[in-house]
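Participant: Dumping the structure here so I can ask a few things about it.
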Amino acid sequence: MRRSLRLPPAALLVVACALWGAATVLNKALLGSINPVTLLVLQLAPSALVLWLAVRWMSCPSPRRSLLLPLIALGVLNPGISYTLSLMGLARTSASVSSLLWAAEPLMILGLAALILGERVTRQLVLVMLLGAFGVLLVANIGGAVGTVVDIGGILLLLGAVFCCALYTVFSRRVGEHVDPVVVVAVQQSAGLGWALTILMSNTPFGSVEDIPAIPGGMLVASAVSGLLYYAAAYWLYIAALRSVPAAVAGSYFNVIPIFGIALAYAFLGETLDPIQWLGAGAILVSAYMLVRLTNGIGAERPAE
């Protein structure tokens, strides 16, 4: 019998966003000493192991063969390609800016969900998403209007990661309806781990096998903890919620991530934003509040499986 998390979808999504925001700050600290691809492997390995143990403990049924290849492909996309780009970008930008740039994802999901899944898009929802996108532009501070040194390459890497995650959300919405959430995440993160290991063994400037023996034990533990938070726990909650709400609705909650990311980056990394970036942060947070109001109750009528 398939088991599922019984919390309301909104609670699952908010907790997932809190975990992503917290792990982003921890990732930024770790990237000061560990190369991006090396860190990704150190995070995904314990995450995949714990997820498969959960699959066994919960006696989850295996997915149909027809769904296995799509699940693997989605795992290569995210967390494989997506978080390879994300960690490379995070190494070149602040945790605060990285958290805020992820607020571009709901707008991408909105368009992709409408095109691919045929989900209905209202005028109010579009206006709110555009407000969030405007906030993202201010946070990125592309023109460096207030004298901030902006790493365009880092921002483009992060936006590429965001686009991969948007594709992942849209296609997972369709595939995830037929497979237990923990199985979905276990298969996908194993596929992502395979992608990351392939790059690691290629000995690129972004990480190599030789990096691992030189990493202190404390950082190895911190990497494992961040992986369990970012990948195992957060994605399990997210996929569980995605079974009950439209992709655009689930994606709208990503605008909550900056609330946690900025606060924790200030508390633990001492990061601050410039005035124009605070203006952008305000636009994003207003957009997040309005999105939650607009989407409140959507999907609640679907019966739990």
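If you're wondering about the labels, chains in the structure tokens are A, B, ... by order shown, residues count from 1 in each chain, ligands from 1 in order shown.
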Using DSSP on the backbone coordinates, identify all residues within segment 39-253 of chain A classified as helix (DSSP H, G or I); present the result as a ChimeraX atom specification.
Facilitator: /A:39-57,65-90,95-117,123-140,152-178,181-200,209-214,217-242,247-253
Participant: Could you give me, as a tab-separated table, a per-residue list for segment 157-183 of chain A showing, wherever an atom lies at most 9 Å from an atom of segment 246-262 of chain A, the closest pair of atoms and their distance in Å to one decimal, using only C-alpha atoms and sorting by chain then residue number from low to high?
Facilitator:
residue	atom	partner	partner_atom	distance
A:Ala166	CA	A:Gly251	CA	7.9
A:Thr169	CA	A:Ala247	CA	6.3
A:Val170	CA	A:Ala247	CA	5.8
A:Phe171	CA	A:Ala247	CA	8.9
A:Ser172	CA	A:Ala247	CA	8.6
A:Arg173	CA	A:Ala247	CA	6.0
Participant: Keeping only C-alpha atoms, write those residues as a PDB file, in the first residue's frame.
Facilitator:
ATOM      1  CA  ALA A 166      11.187  24.736 -13.876  1.00  0.00           C
ATOM      2  CA  THR A 169       8.562  20.717 -11.902  1.00  0.00           C
ATOM      3  CA  VAL A 170       6.333  20.683 -14.972  1.00  0.00           C
ATOM      4  CA  PHE A 171       7.240  17.156 -16.064  1.00  0.00           C
ATOM      5  CA  SER A 172       7.345  15.796 -12.491  1.00  0.00           C
ATOM      6  CA  ARG A 173       3.768  17.027 -12.066  1.00  0.00           C
TER       7      ARG A 173
END
Participant: Show which residues sit within 9 Å of Thr272 of chain A, as a PyMOL selection string. Count only C-alpha atoms, and ignore same-chain residues fewer than 4 positions away.
Facilitator: chain A and resi 96+262+265-266
Participant: Output N, CA and C atoms for every residue in the selection just made, as a PDB file, in the first residue's frame.
Facilitator:
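Written file, part_9.pdb:
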ATOM      1  N   SER A  96      22.392  35.403  -0.538  1.00  0.00           N
ATOM      2  CA  SER A  96      21.185  36.224  -0.584  1.00  0.00           C
ATOM      3  C   SER A  96      20.701  36.418  -2.016  1.00  0.00           C
ATOM      4  N   ILE A 262      17.683  35.027   2.896  1.00  0.00           N
ATOM      5  CA  ILE A 262      18.267  36.323   3.261  1.00  0.00           C
ATOM      6  C   ILE A 262      18.483  36.420   4.764  1.00  0.00           C
ATOM      7  N   ALA A 265      21.390  34.137   5.720  1.00  0.00           N
ATOM      8  CA  ALA A 265      22.654  34.636   5.183  1.00  0.00           C
ATOM      9  C   ALA A 265      23.142  35.842   5.978  1.00  0.00           C
ATOM     10  N   TYR A 266      22.212  36.675   6.417  1.00  0.00           N
ATOM     11  CA  TYR A 266      22.589  37.815   7.258  1.00  0.00           C
ATOM     12  C   TYR A 266      23.085  37.340   8.623  1.00  0.00           C
TER      13      TYR A 266
END
Participant: What is the atom CA of Leu279 of chain A to atom CA of Leu85 of chain A distance in Å?
Facilitator: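 Going from atom CA of Leu279 of chain A over to atom CA of Leu85 of chain A, I get 26.7 Å.
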Participant: For Leu157 of chain A, which of A:Ile81, A:Ala73, A:Leu100, A:Ile34 is the closest residue, counting only C-alpha atoms?
Facilitator: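 Comparing A:Ile81, A:Ala73, A:Leu100, A:Ile34 against Leu157 of chain A, the winner is A:Ile81.
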Participant: Residues within 12 Å of Leu237 of chain A, please, as a count of residues only. Count only C-alpha atoms; anything in the same chain fewer than 4 positions from it doesn't count.
Facilitator: 32
Participant: How close does segment 30-69 of chain A get to segment 219-224 of chain A? List, as CSV, each residue of segment 30-69 of chain A within 10 Å, its nearest atom pair and the distance in Å to one decimal, counting only C-alpha atoms.
Facilitator:
residue,atom,partner,partner_atom,distance
A:Leu30,CA,A:Met219,CA,7.2
A:Leu31,CA,A:Ser223,CA,9.9
A:Ser33,CA,A:Met219,CA,8.7
A:Ile34,CA,A:Met219,CA,8.7
A:Thr38,CA,A:Ser223,CA,9.9
A:Leu39,CA,A:Ser223,CA,6.7
A:Leu40,CA,A:Ser223,CA,8.5
A:Val41,CA,A:Ser223,CA,9.3
A:Leu42,CA,A:Ser223,CA,6.0
A:Gln43,CA,A:Ala224,CA,5.1
A:Leu44,CA,A:Ala224,CA,7.9
A:Ala45,CA,A:Ala224,CA,8.0
A:Pro46,CA,A:Ala224,CA,6.0
A:Ser47,CA,A:Ala224,CA,7.5
Participant: From the list A:Ser190, A:Ser82, A:Ser98, A:Thr93, which residue is nearest Tyr168 of chain A when using only C-alpha atoms?
Facilitator: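 Nearest to Tyr168 of chain A: A:Ser82.
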Participant: Figure out the distance between atom CA of Pro36 of chain A and atom CA of Met88 of chain A, please, to one decimal in Å.
Facilitator: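 Interatomic distance here is 5.6 Å.
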Participant: Which residues are near segment 207-213 of chain A? Cut-off 6 Å, only C-alpha atoms, ignore same chain within fewer than 4 positions. Put them as a list in words.
Facilitator: Asn35, Val37, Thr38, Leu200, Met201 and Asn203 of chain A
Participant: Using only C-alpha atoms, find the one residue out of A:Ala91, A:Val97, A:Val76, A:Leu26 that sits nearest to Glu271 of chain A.
Facilitator: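 Under the stated criterion, the closest residue is A:Val97.
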Participant: Provide the atom CA of Gly118 of chain A to atom CA of Ile72 of chain A distance in Å, to one decimal place.
Facilitator: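 Atom-to-atom, atom CA of Gly118 of chain A to atom CA of Ile72 of chain A, that is 24.0 Å.
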Participant: Tell me which protein, DNA and RNA residues are within 8 Å of Leu71 of chain A, counting only C-alpha atoms, leaving out same-chain ones fewer than 5 positions away, and put them as a PyMOL selection string.
Facilitator: chain A and resi 175+184+187-188
Participant: Next, the residues of the selection above should be written as a short mmCIF file (atom, residue, chain, number, x, y, z; two decimals), in the first residue's frame with N, CA and C atoms.
Facilitator:
data_model
loop_
_atom_site.label_atom_id
_atom_site.label_comp_id
_atom_site.auth_asym_id
_atom_site.auth_seq_id
_atom_site.Cartn_x
_atom_site.Cartn_y
_atom_site.Cartn_z
N VAL A 175 4.47 12.93 -14.21
CA VAL A 175 5.00 11.60 -13.88
C VAL A 175 4.71 11.25 -12.42
N VAL A 184 10.06 8.45 -6.34
CA VAL A 184 10.40 9.45 -7.35
C VAL A 184 11.72 10.13 -7.00
N VAL A 187 14.89 7.69 -7.09
CA VAL A 187 15.35 7.39 -8.44
C VAL A 187 16.02 8.61 -9.06
N GLN A 188 15.39 9.76 -8.91
CA GLN A 188 15.92 10.97 -9.53
C GLN A 188 17.26 11.39 -8.92
#
Participant: Measuring between only C-alpha atoms, which one of A:Leu110, A:Leu167, A:Leu273, A:Leu101 shows the shortest distance to Asn78 of chain A?
Facilitator: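 Comparing A:Leu110, A:Leu167, A:Leu273, A:Leu101 against Asn78 of chain A, the winner is A:Leu167.
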Participant: List the neighbours of Gly192 of chain A out to 6 Å using only C-alpha atoms; skip same-chain residues closer than 3 positions along the sequence, and give me the result as a list in words.
Facilitator: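 Counting only C-alpha atoms, the residues come to Gly75, Val76, Pro79, Gly80, Gln189 and Trp195 of chain A.
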Participant: Write the residues of the selection above to a file with N, CA and C atoms, as an mmCIF file, in the first residue's frame.
Facilitator:
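Result went into selection21.cif, see below:
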data_model
loop_
_atom_site.group_PDB
_atom_site.id
_atom_site.type_symbol
_atom_site.label_atom_id
_atom_site.label_comp_id
_atom_site.auth_asym_id
_atom_site.auth_seq_id
_atom_site.Cartn_x
_atom_site.Cartn_y
_atom_site.Cartn_z
ATOM 1 N N GLY A 75 15.868 13.058 -13.238
ATOM 2 C CA GLY A 75 16.925 13.124 -12.231
ATOM 3 C C GLY A 75 18.222 13.683 -12.783
ATOM 4 N N VAL A 76 18.541 13.335 -14.037
ATOM 5 C CA VAL A 76 19.728 13.915 -14.670
ATOM 6 C C VAL A 76 19.556 15.423 -14.813
ATOM 7 N N PRO A 79 18.368 16.624 -9.733
ATOM 8 C CA PRO A 79 19.400 17.590 -9.352
ATOM 9 C C PRO A 79 20.685 17.571 -10.176
ATOM 10 N N GLY A 80 20.812 16.700 -11.201
ATOM 11 C CA GLY A 80 22.070 16.597 -11.920
ATOM 12 C C GLY A 80 22.553 17.890 -12.554
ATOM 13 N N GLN A 189 17.394 11.264 -7.610
ATOM 14 C CA GLN A 189 18.651 11.686 -7.008
ATOM 15 C C GLN A 189 19.763 10.682 -7.277
ATOM 16 N N TRP A 195 25.202 11.449 -12.741
ATOM 17 C CA TRP A 195 25.667 12.595 -13.541
ATOM 18 C C TRP A 195 26.852 13.287 -12.856
#
